[in-house]
Structure formats: structure tokens, C-alpha cells
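Notes for the one structure printed next.
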Amino acid sequence: MRPNRPTLMLCALTLFAGLFVCDSAIAQNEGEEAAAVTAKVLVTNLLNPSGLAIQEGTGHVFIANRHGVYRYLPAEKDRTKRIAIEIHTPGNDVYGKGPKYDVGPLGVAFIDGENLVVGDGSRKDGAEFVRVYKVGTESPAEAAKEDSAVHTLGPITMKEGVTAKGEGNFYGVAVGGGAIFVTCNGDDTKGWVSKSMITDGKPGELLPTIATKEATSVDAPVAITFSPDGKDLVVGQMGEMTVPGDSLLTIYDPATGKLKKSYKTGLSDIAGLAYSPKTGKLYATDFSWADTAKGGLFELTIDGDEVKATLVLKLDKPTAVAFDKDGNLFVTEFGSAAEGGTKNPGSLSIIKAGL
């Protein structure tokens, strides 16, 4: 059976089976060095949300979290219809060092207006998939199952000289240059970004392509996006979770996989990257695994051979970021569970256009 569609109400009033939809919760940064930026909480009661994608044409927000992929409809006037589960994924795996978190699907990105790429995190390395689902312009009456995917890529299993134990935790997904690019965790001596060429609208075999650890000496490629002109593949190397300040911002040629630039950022664990469509500025989320009090949204400014990371907004274990066409920034947070509170402290927030 497919799971029932969750019912939602205004978060300040009532919780039904599933999530809160919020209209009133406001987070404001008070740091002296940060700009006066506020984030409005839209959805709560998510469990470890890790991926975001905005559907072209509708502006619908697709959120990957432990239980599957949800669709949020920002313009829907009826709060009970603003969010629904789109794709249900029954499995889960554990991710992290020190604090560990249950995860399901991770990265999401659109190939076009109706084909959504979903990176898996719900199985062991070497057994996970990247799937493409055909989604319409309205929330489905029932959630789709994993096997309803129109294309299934992978798994990337152990192969001598390529990956010592297989690849998985497909955290970041970016589409551009006629291909799908996916960041992988598996063989930490390689730090693979894998690639699937798209031919006649169909993705081909998913192959380890860019060995980021060999190129940079820092492991764990996680966040990934394209530069606004589509010429550069931009990757956030998270580095060691237990080592603060070791994250890199790296630039690759998407056609050849050649490293063009590598920058130290001073951030600890870059989990999300996105360019503003209005200003062209680059923003990153820092999960800051070793000291989550230092996590937040940062503006990254490249000046010659250096990157300056400027705090924009303090956040609680932030992960994915995505801009809509109007310049509104959506961001997900794992959040922290309060004693006696919900066990699902994750949330989706919006920062209104201006960044």
C-alpha cells in the first residue's frame, strides 16, 4: 500500500499526521558581523532534510528528508494542501561521525520541468541508486514508490582501482553540461564525483569521474552546483567532520573534470551551495559538525586566490539551499530536538529576495 497523504495545519495551532506548516515563526540573526536578514519558517517536523530543488514553472519546492521526498507549494492558499509526500522511501541508513543521523534520499535536482533526480542515502555504500522520477505540476493523491522511477542509475559497486568498497550517500546533485553530476561518499581516498551523460533526454551509466580527494587532498565532496554561466562545476569539500575549518570551495571543468581552482574557506562542513539569480552572489551553508553553534548561512566572495566567508544568518545544522527565480532563498535545517519535544526537529525556511 502507498502511504496516506499527510494532513497539515498552521503550526501555531494544530499538528496532524505529519508536518507543521508555518506562517509565523521568524528567525533573526543578532550577530554584529551579519547583515540584518530574517528567515521565515515554512515547514517543521521534518526529519533530517538534506536536499532541495525548485520546479521550474510552478515554483514548487521539493524536499528530500528521511522518509522520502516532499513537495511544498508556496502559493497554495489552503494550508492543509501546501505540502504532501511525493515519493515514499521506506529504507534508511546512518550518516555521520560522533552525532549520527538517520537519512533517506539526499540530493535532488531537476533535469527539466518534470524529471526530478533523487540521490539515495537509504542503503549501504555500493548498494544505493540515483533515480529519476517524472513529476507533474500538482501534488499526487498518493505518494509514488521507489520502483516508479523512470530511470535508475547505479549502484556503483566495489571495483579494483576505482572504489575500494563501492559508492553511496549521493548527497549532492547538479544538472548541467548535458549531464547529471552526483557527489559520492565511499572510497575516502578518491572522493568521487560521479557523472551520467544525458543523451536524447535519457541518462546513461553513472560513472566515477572526478577524484576530488586526489585533486585537493581533502575528502568528502558534498555540496555541488553550477556557476550562473554554466561553465564551472562548483563543489564544496566538507573535509573531516571532526576537524573545524577544513572545508574547501573547488571549481572544476565539467567537460574534462580538471580542477581549475581550490580555495580555503575557513568553514567546517559545507553542506549546501547556491548562486543568487538576482545578484550572482554565492552562498553556502556550514553544518559545522564539531561545533554546531557555529553553523549558518555564509556569503562566499572570491577575491583572487582567496575566499572570504561572511556570516549572513546563524542556523541550526543547516543543509541544503536553493533559490527560486525571484531570488527567494529556501534552506533546510536538521535542527535540534528539545527535551520532551518533537523527535523530528528539521525544518524548511525562506529568506525573502534580497541576497
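As shown in the C-alpha cells, the chain order sets the letters A, B, ...; within each chain, residues go from 1, and ligands are also counted from 1 in the order they appear.
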Sel. of strand (DSSP E or B) residues, segment 173-274 of chain A, as a VMD selection string: chain A and resid 173 to 176 179 to 183 185 192 to 199 202 to 203 207 to 211 221 to 226 233 to 237 248 to 252 259 to 264 270 to 274
Please dump the current selection as a short mmCIF file (atom, residue, chain, number, x, y, z; two decimals), in the first residue's frame; keep N, CA and C atoms.
data_model
loop_
_atom_site.label_atom_id
_atom_site.label_comp_id
_atom_site.auth_asym_id
_atom_site.auth_seq_id
_atom_site.Cartn_x
_atom_site.Cartn_y
_atom_site.Cartn_z
N VAL A 173 23.42 16.75 -5.96
CA VAL A 173 23.08 16.50 -7.35
C VAL A 173 23.04 17.84 -8.08
N ALA A 174 23.69 17.89 -9.24
CA ALA A 174 23.64 19.08 -10.10
C ALA A 174 23.50 18.62 -11.54
N VAL A 175 22.71 19.36 -12.32
CA VAL A 175 22.48 19.02 -13.72
C VAL A 175 22.96 20.17 -14.59
N GLY A 176 23.80 19.86 -15.57
CA GLY A 176 24.32 20.88 -16.47
C GLY A 176 25.33 20.27 -17.42
N ALA A 179 24.72 16.66 -18.58
CA ALA A 179 24.99 15.52 -17.70
C ALA A 179 24.41 15.75 -16.31
N ILE A 180 24.32 14.65 -15.57
CA ILE A 180 23.99 14.68 -14.15
C ILE A 180 25.28 14.44 -13.38
N PHE A 181 25.57 15.30 -12.40
CA PHE A 181 26.75 15.14 -11.55
C PHE A 181 26.27 14.86 -10.12
N VAL A 182 26.91 13.88 -9.48
CA VAL A 182 26.49 13.45 -8.14
C VAL A 182 27.72 13.30 -7.25
N THR A 183 27.68 13.93 -6.07
CA THR A 183 28.76 13.72 -5.12
C THR A 183 28.55 12.42 -4.37
N ASN A 185 30.00 9.45 -1.32
CA ASN A 185 30.83 9.01 -0.21
C ASN A 185 31.04 7.52 -0.37
N TRP A 192 34.92 10.66 -4.83
CA TRP A 192 34.38 10.74 -6.19
C TRP A 192 33.21 11.70 -6.36
N VAL A 193 33.21 12.39 -7.49
CA VAL A 193 32.01 12.96 -8.09
C VAL A 193 31.72 12.08 -9.30
N SER A 194 30.51 11.55 -9.36
CA SER A 194 30.14 10.68 -10.48
C SER A 194 29.31 11.45 -11.50
N LYS A 195 29.27 10.91 -12.72
CA LYS A 195 28.66 11.63 -13.84
C LYS A 195 27.85 10.67 -14.70
N SER A 196 26.69 11.14 -15.14
CA SER A 196 25.85 10.40 -16.07
C SER A 196 25.52 11.32 -17.24
N MET A 197 25.98 10.98 -18.43
CA MET A 197 25.69 11.79 -19.61
C MET A 197 24.22 11.61 -20.02
N ILE A 198 23.59 12.71 -20.42
CA ILE A 198 22.19 12.67 -20.88
C ILE A 198 22.17 12.71 -22.40
N THR A 199 21.62 11.69 -23.00
CA THR A 199 21.52 11.60 -24.46
C THR A 199 20.07 11.41 -24.86
N LYS A 202 17.74 10.91 -22.05
CA LYS A 202 17.90 9.73 -21.19
C LYS A 202 19.29 9.72 -20.56
N PRO A 203 19.36 9.56 -19.22
CA PRO A 203 20.66 9.50 -18.57
C PRO A 203 21.34 8.15 -18.83
N LEU A 207 29.04 6.94 -13.63
CA LEU A 207 30.43 6.53 -13.54
C LEU A 207 31.24 7.49 -12.67
N PRO A 208 32.07 6.97 -11.75
CA PRO A 208 33.00 7.84 -11.02
C PRO A 208 33.89 8.59 -12.00
N THR A 209 33.94 9.91 -11.87
CA THR A 209 34.58 10.74 -12.91
C THR A 209 35.65 11.68 -12.36
N ILE A 210 35.36 12.35 -11.25
CA ILE A 210 36.30 13.32 -10.68
C ILE A 210 36.72 12.83 -9.30
N ALA A 211 38.00 12.50 -9.14
CA ALA A 211 38.53 12.06 -7.86
C ALA A 211 38.97 13.29 -7.07
N PRO A 221 33.42 15.25 -0.87
CA PRO A 221 32.65 16.19 -1.68
C PRO A 221 31.17 16.05 -1.31
N VAL A 222 30.53 17.14 -1.03
CA VAL A 222 29.12 17.07 -0.59
C VAL A 222 28.26 18.03 -1.41
N ALA A 223 28.40 19.33 -1.20
CA ALA A 223 27.59 20.30 -1.93
C ALA A 223 28.10 20.44 -3.36
N ILE A 224 27.17 20.64 -4.30
CA ILE A 224 27.57 20.78 -5.71
C ILE A 224 26.55 21.65 -6.44
N THR A 225 27.04 22.50 -7.32
CA THR A 225 26.17 23.33 -8.15
C THR A 225 26.95 23.78 -9.37
N PHE A 226 26.27 24.49 -10.27
CA PHE A 226 26.92 25.08 -11.43
C PHE A 226 27.01 26.60 -11.25
N LEU A 233 31.76 23.73 -12.69
CA LEU A 233 31.15 22.86 -11.70
C LEU A 233 31.75 23.22 -10.35
N VAL A 234 30.91 23.61 -9.41
CA VAL A 234 31.37 24.14 -8.13
C VAL A 234 31.05 23.12 -7.04
N VAL A 235 32.08 22.71 -6.31
CA VAL A 235 31.94 21.63 -5.32
C VAL A 235 32.44 22.10 -3.96
N GLY A 236 31.69 21.79 -2.92
CA GLY A 236 32.12 22.03 -1.55
C GLY A 236 32.71 20.76 -0.98
N GLN A 237 34.01 20.80 -0.65
CA GLN A 237 34.65 19.66 0.02
C GLN A 237 34.41 19.82 1.51
N LEU A 248 36.76 23.20 1.74
CA LEU A 248 37.24 23.90 0.56
C LEU A 248 36.09 24.24 -0.38
N LEU A 249 36.26 25.31 -1.14
CA LEU A 249 35.43 25.61 -2.30
C LEU A 249 36.27 25.29 -3.52
N THR A 250 35.79 24.39 -4.38
CA THR A 250 36.58 23.95 -5.53
C THR A 250 35.81 24.14 -6.82
N ILE A 251 36.55 24.42 -7.89
CA ILE A 251 35.97 24.69 -9.20
C ILE A 251 36.55 23.69 -10.20
N TYR A 252 35.68 23.01 -10.94
CA TYR A 252 36.10 22.02 -11.93
C TYR A 252 35.54 22.36 -13.30
N LEU A 259 40.55 20.07 -12.22
CA LEU A 259 40.45 21.07 -11.17
C LEU A 259 40.99 22.40 -11.66
N LYS A 260 40.17 23.45 -11.60
CA LYS A 260 40.57 24.78 -12.05
C LYS A 260 41.04 25.66 -10.89
N LYS A 261 40.34 25.56 -9.76
CA LYS A 261 40.68 26.37 -8.60
C LYS A 261 40.27 25.62 -7.32
N SER A 262 41.04 25.86 -6.26
CA SER A 262 40.71 25.33 -4.94
C SER A 262 40.97 26.42 -3.92
N TYR A 263 39.96 26.69 -3.08
CA TYR A 263 40.06 27.79 -2.12
C TYR A 263 39.79 27.28 -0.70
N LYS A 264 40.60 27.71 0.24
CA LYS A 264 40.27 27.51 1.64
C LYS A 264 39.18 28.50 2.03
N ILE A 270 30.86 22.38 4.64
CA ILE A 270 29.96 22.95 3.64
C ILE A 270 28.97 21.87 3.19
N ALA A 271 27.68 22.14 3.39
CA ALA A 271 26.65 21.16 3.07
C ALA A 271 25.78 21.59 1.90
N GLY A 272 25.73 22.89 1.59
CA GLY A 272 24.90 23.38 0.50
C GLY A 272 25.55 24.57 -0.18
N LEU A 273 25.31 24.70 -1.48
CA LEU A 273 25.83 25.82 -2.28
C LEU A 273 24.75 26.29 -3.24
N ALA A 274 24.63 27.60 -3.42
CA ALA A 274 23.67 28.13 -4.38
C ALA A 274 24.05 29.55 -4.76
#
Can you list, as a list in words, every protein, DNA or RNA residue that comes within 6 Å of Leu106 of chain A when you count only C-alpha atoms, leaving out same-chain residues fewer than 6 positions away?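 Neighbouring residues, sequence-local ones excluded: Ser50, Gly51, Ala64, Gly119, Asp120, Gly121 and Tyr171 of chain A.
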What does the file look like for those residues with C-alpha atoms, as an mmCIF file, in the first residue's frame?
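And here is the file that came out, result.cif:
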data_model
loop_
_atom_site.group_PDB
_atom_site.id
_atom_site.type_symbol
_atom_site.label_atom_id
_atom_site.label_comp_id
_atom_site.auth_asym_id
_atom_site.auth_seq_id
_atom_site.Cartn_x
_atom_site.Cartn_y
_atom_site.Cartn_z
ATOM 1 C CA SER A 50 19.107 17.187 3.147
ATOM 2 C CA GLY A 51 18.119 18.220 -0.364
ATOM 3 C CA ALA A 64 14.440 15.278 0.467
ATOM 4 C CA GLY A 119 20.251 10.708 -4.888
ATOM 5 C CA ASP A 120 19.841 7.815 -2.463
ATOM 6 C CA GLY A 121 21.192 7.608 1.059
ATOM 7 C CA TYR A 171 24.371 13.827 -1.186
#
So, with only C-alpha atoms as the atoms that count, which of A:Arg79, A:Lys145, A:Lys314, A:Lys100 lies closest to His67 of chain A?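 Between A:Arg79, A:Lys145, A:Lys314, A:Lys100, the residue approaching His67 of chain A most closely is A:Lys145.
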Shell around Asp324 of chain A at 9 Å using only C-alpha atoms, local window under 2 positions removed, as a PDB file with C-alpha atoms, in the first residue's frame:
ATOM      1  CA  ALA A  53      15.070  21.575  -5.707  1.00  0.00           C
ATOM      2  CA  ILE A  54      12.744  24.221  -7.175  1.00  0.00           C
ATOM      3  CA  GLN A  55      10.483  23.154 -10.033  1.00  0.00           C
ATOM      4  CA  GLU A  56      10.642  25.494 -12.998  1.00  0.00           C
ATOM      5  CA  GLY A  59       7.951  27.270  -8.110  1.00  0.00           C
ATOM      6  CA  VAL A  61       9.837  23.177  -3.582  1.00  0.00           C
ATOM      7  CA  SER A 276      21.567  34.067  -6.321  1.00  0.00           C
ATOM      8  CA  PRO A 277      19.820  34.548  -9.690  1.00  0.00           C
ATOM      9  CA  ALA A 322      18.092  26.691  -3.289  1.00  0.00           C
ATOM     10  CA  ASP A 326      12.517  35.569  -7.910  1.00  0.00           C
ATOM     11  CA  GLY A 327      15.580  35.385  -5.683  1.00  0.00           C
ATOM     12  CA  ASN A 328      13.912  33.903  -2.605  1.00  0.00           C
ATOM     13  CA  LEU A 329      16.266  31.525  -0.792  1.00  0.00           C
ATOM     14  CA  PHE A 330      14.967  28.293   0.715  1.00  0.00           C
TER      15      PHE A 330
END
